[in-house]
>>> print(open('my_file-v3.pdb').read())   # PDB, C-alpha atoms
ATOM      1  CA  MET A   1     109.029 128.310 115.948
ATOM      2  CA  ASN A   2     107.382 126.450 113.083
ATOM      3  CA  VAL A   3     104.604 124.101 114.246
ATOM      4  CA  PHE A   4     103.647 123.123 110.681
ATOM      5  CA  GLY A   5     105.787 119.952 110.633
ATOM      6  CA  LEU A   6     104.668 118.821 114.078
ATOM      7  CA  LEU A   7     100.981 119.274 113.223
ATOM      8  CA  LEU A   8     101.544 117.484 109.932
ATOM      9  CA  GLY A   9     103.275 114.664 111.849
ATOM     10  CA  PHE A  10     100.183 114.236 114.031
ATOM     11  CA  SER A  11      97.997 114.369 110.916
ATOM     12  CA  ALA A  12     100.161 111.582 109.477
ATOM     13  CA  LEU A  13      99.536 109.540 112.622
ATOM     14  CA  PHE A  14      95.778 110.047 112.218
ATOM     15  CA  VAL A  15      95.916 109.105 108.510
ATOM     16  CA  ILE A  16      97.857 105.916 109.365
ATOM     17  CA  GLY A  17      95.179 105.132 111.967
ATOM     18  CA  LEU A  18      92.540 105.424 109.254
ATOM     19  CA  GLY A  19      94.779 103.199 107.108
ATOM     20  CA  PHE A  20      94.546 100.383 109.669
ATOM     21  CA  ILE A  21      90.756 100.631 109.593
ATOM     22  CA  TRP A  22      90.297 100.642 105.811
ATOM     23  CA  VAL A  23      92.801  97.824 105.248
ATOM     24  CA  ILE A  24      91.086  95.579 107.843
ATOM     25  CA  ARG A  25      87.497  96.404 106.869
ATOM     26  CA  GLY A  26      88.289  96.644 103.154
ATOM     27  CA  GLU A  27      89.975  93.242 103.040
ATOM     28  CA  TYR A  28      87.073  91.750 105.027
ATOM     29  CA  PHE A  29      84.371  92.870 102.590
ATOM     30  CA  PHE A  30      86.247  93.285  99.291
ATOM     31  CA  GLY A  31      89.322  91.029  99.481
ATOM     32  CA  TYR A  32      92.937  91.811  98.689
ATOM     33  CA  LEU A  33      92.534  91.722  94.885
ATOM     34  CA  TRP A  34      91.441  95.355  94.928
ATOM     35  CA  TRP A  35      95.083  96.342  95.523
ATOM     36  CA  PRO A  36      95.774  97.758  92.007
ATOM     37  CA  TYR A  37      92.804 100.137  92.396
ATOM     38  CA  THR A  38      93.811 101.441  95.822
ATOM     39  CA  LEU A  39      97.424 101.719  94.609
ATOM     40  CA  ALA A  40      96.377 103.713  91.533
ATOM     41  CA  LEU A  41      94.105 105.955  93.620
ATOM     42  CA  GLY A  42      96.961 106.632  96.053
ATOM     43  CA  ILE A  43      99.378 107.545  93.256
ATOM     44  CA  LEU A  44      96.722 109.768  91.621
ATOM     45  CA  LEU A  45      96.078 111.609  94.896
ATOM     46  CA  VAL A  46      99.799 112.292  95.334
ATOM     47  CA  CYS A  47      99.944 113.611  91.732
ATOM     48  CA  PHE A  48      96.814 115.767  92.264
ATOM     49  CA  SER A  49      98.338 117.239  95.421
ATOM     50  CA  LEU A  50     100.934 118.972  93.196
ATOM     51  CA  PHE A  51      98.147 121.097  91.710
ATOM     52  CA  ILE A  52      96.527 122.167  94.987
ATOM     53  CA  PRO A  53      97.776 125.662  95.799
ATOM     54  CA  PHE A  54      96.913 125.493  99.534
ATOM     55  CA  PHE A  55      99.533 124.194 101.935
ATOM     56  CA  TRP A  56      97.278 122.068 104.121
ATOM     57  CA  GLY A  57      95.131 120.801 101.259
ATOM     58  CA  SER A  58      98.149 119.613  99.292
ATOM     59  CA  ALA A  59      99.880 118.130 102.357
ATOM     60  CA  LEU A  60      96.838 116.190 103.559
ATOM     61  CA  MET A  61      96.096 114.884 100.069
ATOM     62  CA  GLY A  62      99.716 113.701  99.826
ATOM     63  CA  LEU A  63      99.469 111.941 103.197
ATOM     64  CA  VAL A  64      96.210 110.193 102.289
ATOM     65  CA  GLY A  65      97.755 109.163  98.939
ATOM     66  CA  ALA A  66     100.859 107.727 100.622
ATOM     67  CA  SER A  67      98.679 105.853 103.106
ATOM     68  CA  LEU A  68      96.653 104.338 100.244
ATOM     69  CA  VAL A  69      99.871 103.211  98.526
ATOM     70  CA  TRP A  70     101.116 101.650 101.778
ATOM     71  CA  GLY A  71      97.736 100.052 102.477
ATOM     72  CA  SER A  72      97.772  98.477  99.004
ATOM     73  CA  THR A  73     100.951  96.633  99.951
ATOM     74  CA  GLU A  74      99.296  95.469 103.220
ATOM     75  CA  LEU A  75      96.100  94.007 101.704
ATOM     76  CA  LYS A  76      97.563  90.607 100.766
ATOM     77  CA  VAL A  77      99.179  90.108 104.186
ATOM     78  CA  GLN A  78      95.906  91.166 105.817
ATOM     79  CA  ALA A  79      94.074  88.483 103.776
ATOM     80  CA  ILE A  80      96.481  85.875 105.191
ATOM     81  CA  ARG A  81      96.043  87.214 108.755
ATOM     82  CA  ALA A  82      92.269  86.777 108.362
ATOM     83  CA  GLU A  83      92.735  83.219 107.032
ATOM     84  CA  LEU A  84      94.845  82.439 110.117
ATOM     85  CA  GLY A  85      92.044  83.649 112.389
ATOM     86  CA  TRP A  86      93.959  86.693 113.670
ATOM     87  CA  PHE A  87      91.211  88.897 112.217
ATOM     88  CA  PRO A  88      87.580  88.162 111.251
ATOM     89  CA  PHE A  89      87.361  86.135 108.037
ATOM     90  CA  ARG A  90      84.633  86.472 105.417
ATOM     91  CA  LYS A  91      84.601  84.016 102.533
ATOM     92  CA  GLU A  92      82.270  85.915 100.195
ATOM     93  CA  LYS A  93      84.090  88.941  98.807
ATOM     94  CA  ILE A  94      82.867  91.766  96.598
ATOM     95  CA  LYS A  95      85.032  91.047  93.579
ATOM     96  CA  PRO A  96      86.964  93.776  91.734
ATOM     97  CA  PRO A  97      86.695  94.323  87.963
ATOM     98  CA  PHE A  98      89.264  92.187  86.071
ATOM     99  CA  GLU A  99      89.615  89.942  89.136
ATOM    100  CA  LYS A 100      91.002  86.955  87.183
ATOM    101  CA  MET A 101      93.690  89.054  85.523
ATOM    102  CA  ILE A 102      94.716  90.680  88.826
ATOM    103  CA  ALA A 103      94.892  87.273  90.541
ATOM    104  CA  ARG A 104      97.693  86.339  88.126
ATOM    105  CA  TRP A 105      99.747  89.409  89.140
ATOM    106  CA  LYS A 106     102.013  89.301  92.162
ATOM    107  CA  ALA A 107     100.487  91.496  94.877
ATOM    108  CA  PRO A 108     103.077  93.880  96.356
ATOM    109  CA  THR A 109     104.226  93.338  99.957
ATOM    110  CA  LEU A 110     106.891  95.254 101.819
TER     111      LEU A 110
ATOM    112  CA  MET B   1     101.094 127.069  86.737
ATOM    113  CA  LYS B   2     103.362 126.597  89.721
ATOM    114  CA  LEU B   3     103.390 123.102  91.198
ATOM    115  CA  ASN B   4     103.019 122.739  94.968
ATOM    116  CA  PRO B   5     105.602 120.190  96.209
ATOM    117  CA  ILE B   6     104.344 119.977  99.811
ATOM    118  CA  GLY B   7     101.922 117.074  99.185
ATOM    119  CA  LEU B   8     104.509 115.019  97.307
ATOM    120  CA  ALA B   9     107.130 115.725  99.993
ATOM    121  CA  SER B  10     104.684 114.750 102.768
ATOM    122  CA  ALA B  11     103.733 111.571 100.909
ATOM    123  CA  ALA B  12     107.377 110.630 100.322
ATOM    124  CA  ALA B  13     108.271 111.309 103.978
ATOM    125  CA  LEU B  14     105.343 109.241 105.277
ATOM    126  CA  PHE B  15     105.920 106.305 102.919
ATOM    127  CA  THR B  16     109.695 106.253 103.475
ATOM    128  CA  GLY B  17     109.321 106.667 107.244
ATOM    129  CA  VAL B  18     106.755 103.894 107.578
ATOM    130  CA  TRP B  19     108.676 101.551 105.246
ATOM    131  CA  ALA B  20     112.076 102.095 106.845
ATOM    132  CA  GLY B  21     110.544 101.799 110.320
ATOM    133  CA  HIS B  22     108.687  98.609 109.389
ATOM    134  CA  VAL B  23     111.918  96.957 108.149
ATOM    135  CA  ALA B  24     114.100  98.367 110.968
ATOM    136  CA  VAL B  25     111.763  97.241 113.779
ATOM    137  CA  ARG B  26     111.465  93.680 112.429
ATOM    138  CA  THR B  27     115.188  93.337 111.711
ATOM    139  CA  ILE B  28     116.502  94.874 114.940
ATOM    140  CA  GLU B  29     113.923  93.221 117.227
ATOM    141  CA  ALA B  30     114.841  89.792 115.822
ATOM    142  CA  ARG B  31     118.569  90.276 116.460
ATOM    143  CA  ILE B  32     118.942  92.444 119.559
ATOM    144  CA  ARG B  33     119.135  90.863 123.028
ATOM    145  CA  LYS B  34     117.800  93.758 125.059
ATOM    146  CA  LEU B  35     114.838  95.691 123.763
ATOM    147  CA  TRP B  36     115.198  98.994 125.621
ATOM    148  CA  PRO B  37     118.254 100.421 123.742
ATOM    149  CA  PRO B  38     116.481 100.584 120.337
ATOM    150  CA  VAL B  39     113.286 101.796 122.027
ATOM    151  CA  ILE B  40     115.179 104.703 123.652
ATOM    152  CA  PHE B  41     117.118 105.354 120.419
ATOM    153  CA  PHE B  42     114.009 105.642 118.229
ATOM    154  CA  LEU B  43     112.081 107.726 120.792
ATOM    155  CA  ALA B  44     115.082 110.084 121.097
ATOM    156  CA  LEU B  45     115.526 110.214 117.307
ATOM    157  CA  GLY B  46     111.851 111.083 116.915
ATOM    158  CA  LEU B  47     112.020 113.863 119.514
ATOM    159  CA  ILE B  48     115.208 115.303 117.945
ATOM    160  CA  LEU B  49     113.535 115.308 114.494
ATOM    161  CA  GLU B  50     110.465 117.051 115.960
ATOM    162  CA  PHE B  51     112.710 119.646 117.622
ATOM    163  CA  LEU B  52     114.525 120.299 114.319
ATOM    164  CA  SER B  53     111.150 120.511 112.564
ATOM    165  CA  LEU B  54     109.992 123.164 115.059
ATOM    166  CA  CYS B  55     113.224 125.137 114.514
ATOM    167  CA  SER B  56     113.039 124.959 110.709
ATOM    168  CA  GLU B  57     112.173 128.196 108.910
ATOM    169  CA  ASN B  58     111.410 126.269 105.725
ATOM    170  CA  ASP B  59     107.886 124.781 105.719
ATOM    171  CA  LEU B  60     108.852 121.960 103.359
ATOM    172  CA  LEU B  61     111.747 120.867 105.576
ATOM    173  CA  SER B  62     109.602 121.313 108.695
ATOM    174  CA  ALA B  63     106.955 119.017 107.145
ATOM    175  CA  ILE B  64     109.430 116.281 106.205
ATOM    176  CA  LEU B  65     111.170 116.336 109.620
ATOM    177  CA  GLY B  66     107.840 116.477 111.466
ATOM    178  CA  ILE B  67     106.452 113.427 109.660
ATOM    179  CA  LEU B  68     109.693 111.408 109.930
ATOM    180  CA  GLY B  69     109.901 112.321 113.640
ATOM    181  CA  ILE B  70     106.426 110.999 114.405
ATOM    182  CA  THR B  71     107.114 107.743 112.528
ATOM    183  CA  ALA B  72     110.359 107.324 114.539
ATOM    184  CA  VAL B  73     108.461 107.775 117.853
ATOM    185  CA  TRP B  74     105.892 105.244 116.611
ATOM    186  CA  ASP B  75     108.721 102.791 115.838
ATOM    187  CA  GLY B  76     109.945 103.118 119.441
ATOM    188  CA  PHE B  77     106.598 101.708 120.624
ATOM    189  CA  GLU B  78     106.498  99.180 117.766
ATOM    190  CA  PHE B  79     109.487  97.299 119.244
ATOM    191  CA  VAL B  80     107.342  96.327 122.219
ATOM    192  CA  ARG B  81     104.413  95.359 119.961
ATOM    193  CA  GLN B  82     106.746  93.357 117.693
ATOM    194  CA  GLU B  83     108.016  91.347 120.671
ATOM    195  CA  LYS B  84     104.391  90.535 121.575
ATOM    196  CA  ARG B  85     103.794  89.379 117.976
ATOM    197  CA  VAL B  86     106.804  87.047 118.225
ATOM    198  CA  LYS B  87     105.498  85.636 121.544
ATOM    199  CA  LYS B  88     102.117  84.913 119.943
ATOM    200  CA  GLY B  89     103.663  83.396 116.799
ATOM    201  CA  HIS B  90     102.397  86.268 114.657
ATOM    202  CA  ALA B  91     105.993  87.116 113.694
ATOM    203  CA  PRO B  92     108.903  84.657 113.333
ATOM    204  CA  ALA B  93     111.120  84.004 116.365
ATOM    205  CA  ASN B  94     114.898  83.895 115.949
ATOM    206  CA  PRO B  95     116.204  80.824 117.850
ATOM    207  CA  GLU B  96     119.685  82.368 118.016
ATOM    208  CA  ASN B  97     118.363  85.311 119.998
ATOM    209  CA  PRO B  98     118.202  84.236 123.707
ATOM    210  CA  ARG B  99     115.176  86.509 124.267
ATOM    211  CA  HIS B 100     113.294  84.690 121.489
ATOM    212  CA  ALA B 101     114.648  81.258 122.458
ATOM    213  CA  VAL B 102     112.804  81.642 125.792
ATOM    214  CA  PHE B 103     109.532  82.222 123.929
ATOM    215  CA  LEU B 104     110.156  79.187 121.696
ATOM    216  CA  SER B 105     110.867  76.810 124.614
ATOM    217  CA  ALA B 106     108.091  78.064 126.943
ATOM    218  CA  ALA B 107     105.405  75.493 127.746
ATOM    219  CA  GLY B 108     102.268  75.918 125.619
ATOM    220  CA  SER B 109     103.931  78.662 123.591
ATOM    221  CA  ASN B 110     102.608  79.595 120.142
ATOM    222  CA  ALA B 111     105.950  81.137 119.137
ATOM    223  CA  THR B 112     107.338  79.766 115.871
ATOM    224  CA  ARG B 113     110.436  80.109 113.724
ATOM    225  CA  ASN B 114     108.290  80.350 110.628
ATOM    226  CA  ASP B 115     106.874  83.527 109.135
ATOM    227  CA  LEU B 116     103.251  82.403 108.764
ATOM    228  CA  LEU B 117     102.503  85.387 106.512
ATOM    229  CA  LYS B 118     105.078  84.488 103.862
ATOM    230  CA  ARG B 119     102.769  82.755 101.383
ATOM    231  CA  GLU B 120      99.913  83.435  98.990
ATOM    232  CA  PRO B 121      96.320  83.659 100.317
ATOM    233  CA  VAL B 122      94.246  80.476  99.826
ATOM    234  CA  GLY B 123      90.764  82.014 100.232
ATOM    235  CA  ARG B 124      89.601  79.938 103.223
ATOM    236  CA  LYS B 125      90.221  79.654 106.949
ATOM    237  CA  VAL B 126      93.449  77.864 107.826
ATOM    238  CA  ASP B 127      94.041  75.948 111.093
ATOM    239  CA  PRO B 128      97.356  76.229 113.008
ATOM    240  CA  VAL B 129      98.734  72.923 111.597
ATOM    241  CA  GLU B 130      97.986  73.848 107.984
ATOM    242  CA  ALA B 131      99.311  77.366 108.648
ATOM    243  CA  GLN B 132     102.730  75.804 109.339
ATOM    244  CA  GLU B 133     102.525  73.407 106.365
ATOM    245  CA  LEU B 134     101.696  76.226 103.954
ATOM    246  CA  VAL B 135     104.957  78.024 104.700
ATOM    247  CA  GLN B 136     107.231  74.947 104.678
TER     248      GLN B 136
END
>>> encode(input="my_file-v3.pdb", output="structure tokens")
Amino acid sequence: MNVFGLLLGFSALFVIGLGFIWVIRGEYFFGYLWWPYTLALGILLVCFSLFIPFFWGSALMGLVGASLVWGSTELKVQAIRAELGWFPFRKEKIKPPFEKMIARWKAPTL
Amino acid sequence: MKLNPIGLASAAALFTGVWAGHVAVRTIEARIRKLWPPVIFFLALGLILEFLSLCSENDLLSAILGILGITAVWDGFEFVRQEKRVKKGHAPANPENPRHAVFLSAAGSNATRNDLLKREPVGRKVDPVEAQELVQ
């Protein structure tokens, strides 16, 4: 019996749980325009995981990377949820570098 | 240097599982009349995938099946949460689905046909009337 996949499945569940928290809190304080940075970080983590020789280290880094990529696509929708009053709304955001340029790009949603 | 594919495979399984589940739950919940068949189907699918993952000799395959299995079980529960979102107007109701039509016609209901999230953010709080206007 190989419990590796099952344990990794539960780890994935935990990582997704963390994803909910950072998307909600992150959008609240920083705003959705940080999405290119979280997206790039997620992709980088997945790439780095290729060079980690340990099974669990590589797998967990891949999961966190995938969750960051997914979360990046959730940030814009989360901003709208906050505007609608479904989540706490904070008007003053900590702006990302190149904010004006990013605002012209279409934020990814899935 | 030998590359370790386990992280990439785990990432791909998680992203694909969550994405496919996200689309499947929204699409099926909007169309199906009774909610329990897809709930049972996804829970069973998840358990079968976990069983196959446990039986797999190959760690890479075990990882992919294990992650997809957990996302499928999650989707089973998401059907119930999605229906609650529709009731509250947080997800669009389908008037052609009798289950949703009941939500739409209920007295004092917040259910709506519109997807209130299908727009660009405006950077300020939006009241329920403007929320509808912004997606017209």
>>> resolve_selection(input="my_file-v3.pdb", expression="the PyMOL selection byres ((chain A and resi 95) around 8)", output="PyMOL selection string")
chain A and resi 30-31+33-34+93-94+96-97+99
>>> interface_residues(input="my_file-v3.pdb", of="chain A", to="chain B", cutoff="9 Å", atoms="only C-alpha atoms", output="ChimeraX atom specification")
/A:1-13,32,46-67,69-70,76-86,89-91,110
>>> atom_distance(input="my_file-v3.pdb", atom1="CA of Pro95 (chain B)", atom2="CA of Arg113 (chain B)")
7.1 Å
>>> closest_residue(input="my_file-v3.pdb", among="B:Ile48, B:Glu133, B:Trp36, B:Glu83", to="Asn97 (chain B)", atoms="only C-alpha atoms")
B:Glu83
>>> atom_distance(input="my_file-v3.pdb", atom1="CA of Leu18 (chain A)", atom2="CA of Thr109 (chain A)")
19.2 Å
>>> atom_distance(input="my_file-v3.pdb", atom1="CA of Leu75 (chain A)", atom2="CA of Asn94 (chain B)")
25.7 Å
>>> resolve_selection(input="my_file-v3.pdb", expression="the PyMOL selection byres ((chain B and resi 37-43) around 10)", output="VMD selection string")
chain B and resid 21 24 to 25 28 to 29 32 to 36 44 to 49 69 to 80
>>> residues_around(input="my_file-v3.pdb", residues="Trp35 (chain A)", least_positions_apart="4", cutoff="10 Å", atoms="all atoms listed in the file", output="list in words")
Glu27, Gly31, Leu39, Ala40, Leu41, Leu68, Val69, Gly71, Ser72, Thr73, Glu74, Leu75, Lys76, Pro96, Ile102, Ala107 and Pro108 of chain A
>>> build_atoms(input="my_file-v3.pdb", residues="region 71-101 of chain B", atoms="N, CA and C atoms", output="PDB file, in the frame of the given file")
ATOM      1  N   THR B  71     106.987 109.178 112.852  1.00  0.00           N
ATOM      2  CA  THR B  71     107.114 107.743 112.528  1.00  0.00           C
ATOM      3  C   THR B  71     108.220 107.105 113.381  1.00  0.00           C
ATOM      4  N   ALA B  72     109.278 107.871 113.702  1.00  0.00           N
ATOM      5  CA  ALA B  72     110.359 107.324 114.539  1.00  0.00           C
ATOM      6  C   ALA B  72     109.848 107.059 115.959  1.00  0.00           C
ATOM      7  N   VAL B  73     109.039 107.984 116.506  1.00  0.00           N
ATOM      8  CA  VAL B  73     108.461 107.775 117.853  1.00  0.00           C
ATOM      9  C   VAL B  73     107.568 106.533 117.832  1.00  0.00           C
ATOM     10  N   TRP B  74     106.773 106.423 116.800  1.00  0.00           N
ATOM     11  CA  TRP B  74     105.892 105.244 116.611  1.00  0.00           C
ATOM     12  C   TRP B  74     106.728 103.958 116.628  1.00  0.00           C
ATOM     13  N   ASP B  75     107.859 103.978 115.903  1.00  0.00           N
ATOM     14  CA  ASP B  75     108.721 102.791 115.838  1.00  0.00           C
ATOM     15  C   ASP B  75     109.211 102.393 117.228  1.00  0.00           C
ATOM     16  N   GLY B  76     109.506 103.401 118.067  1.00  0.00           N
ATOM     17  CA  GLY B  76     109.945 103.118 119.441  1.00  0.00           C
ATOM     18  C   GLY B  76     108.938 102.218 120.134  1.00  0.00           C
ATOM     19  N   PHE B  77     107.652 102.527 119.999  1.00  0.00           N
ATOM     20  CA  PHE B  77     106.598 101.708 120.624  1.00  0.00           C
ATOM     21  C   PHE B  77     106.407 100.386 119.881  1.00  0.00           C
ATOM     22  N   GLU B  78     106.685 100.396 118.577  1.00  0.00           N
ATOM     23  CA  GLU B  78     106.498  99.180 117.766  1.00  0.00           C
ATOM     24  C   GLU B  78     107.422  98.039 118.208  1.00  0.00           C
ATOM     25  N   PHE B  79     108.585  98.365 118.781  1.00  0.00           N
ATOM     26  CA  PHE B  79     109.487  97.299 119.244  1.00  0.00           C
ATOM     27  C   PHE B  79     108.784  96.415 120.262  1.00  0.00           C
ATOM     28  N   VAL B  80     108.051  97.064 121.178  1.00  0.00           N
ATOM     29  CA  VAL B  80     107.342  96.327 122.219  1.00  0.00           C
ATOM     30  C   VAL B  80     106.222  95.491 121.585  1.00  0.00           C
ATOM     31  N   ARG B  81     105.502  96.097 120.627  1.00  0.00           N
ATOM     32  CA  ARG B  81     104.413  95.359 119.961  1.00  0.00           C
ATOM     33  C   ARG B  81     104.971  94.200 119.135  1.00  0.00           C
ATOM     34  N   GLN B  82     106.135  94.409 118.507  1.00  0.00           N
ATOM     35  CA  GLN B  82     106.746  93.357 117.693  1.00  0.00           C
ATOM     36  C   GLN B  82     107.118  92.156 118.577  1.00  0.00           C
ATOM     37  N   GLU B  83     107.665  92.448 119.772  1.00  0.00           N
ATOM     38  CA  GLU B  83     108.016  91.347 120.671  1.00  0.00           C
ATOM     39  C   GLU B  83     106.764  90.548 121.045  1.00  0.00           C
ATOM     40  N   LYS B  84     105.652  91.236 121.259  1.00  0.00           N
ATOM     41  CA  LYS B  84     104.391  90.535 121.575  1.00  0.00           C
ATOM     42  C   LYS B  84     103.952  89.663 120.402  1.00  0.00           C
ATOM     43  N   ARG B  85     104.154  90.173 119.160  1.00  0.00           N
ATOM     44  CA  ARG B  85     103.794  89.379 117.976  1.00  0.00           C
ATOM     45  C   ARG B  85     104.627  88.098 117.930  1.00  0.00           C
ATOM     46  N   VAL B  86     105.922  88.215 118.248  1.00  0.00           N
ATOM     47  CA  VAL B  86     106.804  87.047 118.225  1.00  0.00           C
ATOM     48  C   VAL B  86     106.327  86.035 119.263  1.00  0.00           C
ATOM     49  N   LYS B  87     105.983  86.517 120.466  1.00  0.00           N
ATOM     50  CA  LYS B  87     105.498  85.636 121.544  1.00  0.00           C
ATOM     51  C   LYS B  87     104.267  84.861 121.101  1.00  0.00           C
ATOM     52  N   LYS B  88     103.381  85.539 120.368  1.00  0.00           N
ATOM     53  CA  LYS B  88     102.117  84.913 119.943  1.00  0.00           C
ATOM     54  C   LYS B  88     102.277  84.066 118.682  1.00  0.00           C
ATOM     55  N   GLY B  89     103.459  84.126 118.050  1.00  0.00           N
ATOM     56  CA  GLY B  89     103.663  83.396 116.799  1.00  0.00           C
ATOM     57  C   GLY B  89     103.168  84.174 115.593  1.00  0.00           C
ATOM     58  N   HIS B  90     102.844  85.444 115.785  1.00  0.00           N
ATOM     59  CA  HIS B  90     102.397  86.268 114.657  1.00  0.00           C
ATOM     60  C   HIS B  90     103.564  86.847 113.863  1.00  0.00           C
ATOM     61  N   ALA B  91     104.768  86.733 114.408  1.00  0.00           N
ATOM     62  CA  ALA B  91     105.993  87.116 113.694  1.00  0.00           C
ATOM     63  C   ALA B  91     107.033  86.056 114.030  1.00  0.00           C
ATOM     64  N   PRO B  92     107.978  85.771 113.099  1.00  0.00           N
ATOM     65  CA  PRO B  92     108.903  84.657 113.333  1.00  0.00           C
ATOM     66  C   PRO B  92     109.892  84.944 114.471  1.00  0.00           C
ATOM     67  N   ALA B  93     110.136  83.894 115.288  1.00  0.00           N
ATOM     68  CA  ALA B  93     111.120  84.004 116.365  1.00  0.00           C
ATOM     69  C   ALA B  93     112.484  83.583 115.841  1.00  0.00           C
ATOM     70  N   ASN B  94     113.521  84.221 116.340  1.00  0.00           N
ATOM     71  CA  ASN B  94     114.898  83.895 115.949  1.00  0.00           C
ATOM     72  C   ASN B  94     115.513  83.034 117.049  1.00  0.00           C
ATOM     73  N   PRO B  95     115.714  81.719 116.791  1.00  0.00           N
ATOM     74  CA  PRO B  95     116.204  80.824 117.850  1.00  0.00           C
ATOM     75  C   PRO B  95     117.592  81.212 118.370  1.00  0.00           C
ATOM     76  N   GLU B  96     118.345  81.974 117.566  1.00  0.00           N
ATOM     77  CA  GLU B  96     119.685  82.368 118.016  1.00  0.00           C
ATOM     78  C   GLU B  96     119.660  83.576 118.953  1.00  0.00           C
ATOM     79  N   ASN B  97     118.502  84.192 119.071  1.00  0.00           N
ATOM     80  CA  ASN B  97     118.363  85.311 119.998  1.00  0.00           C
ATOM     81  C   ASN B  97     117.843  84.741 121.331  1.00  0.00           C
ATOM     82  N   PRO B  98     118.630  84.840 122.426  1.00  0.00           N
ATOM     83  CA  PRO B  98     118.202  84.236 123.707  1.00  0.00           C
ATOM     84  C   PRO B  98     116.823  84.711 124.161  1.00  0.00           C
ATOM     85  N   ARG B  99     116.488  85.975 123.880  1.00  0.00           N
ATOM     86  CA  ARG B  99     115.176  86.509 124.267  1.00  0.00           C
ATOM     87  C   ARG B  99     114.059  85.752 123.547  1.00  0.00           C
ATOM     88  N   HIS B 100     114.293  85.436 122.262  1.00  0.00           N
ATOM     89  CA  HIS B 100     113.294  84.690 121.489  1.00  0.00           C
ATOM     90  C   HIS B 100     113.319  83.206 121.840  1.00  0.00           C
ATOM     91  N   ALA B 101     114.520  82.684 122.139  1.00  0.00           N
ATOM     92  CA  ALA B 101     114.648  81.258 122.458  1.00  0.00           C
ATOM     93  C   ALA B 101     113.770  80.916 123.661  1.00  0.00           C
TER      94      ALA B 101
END
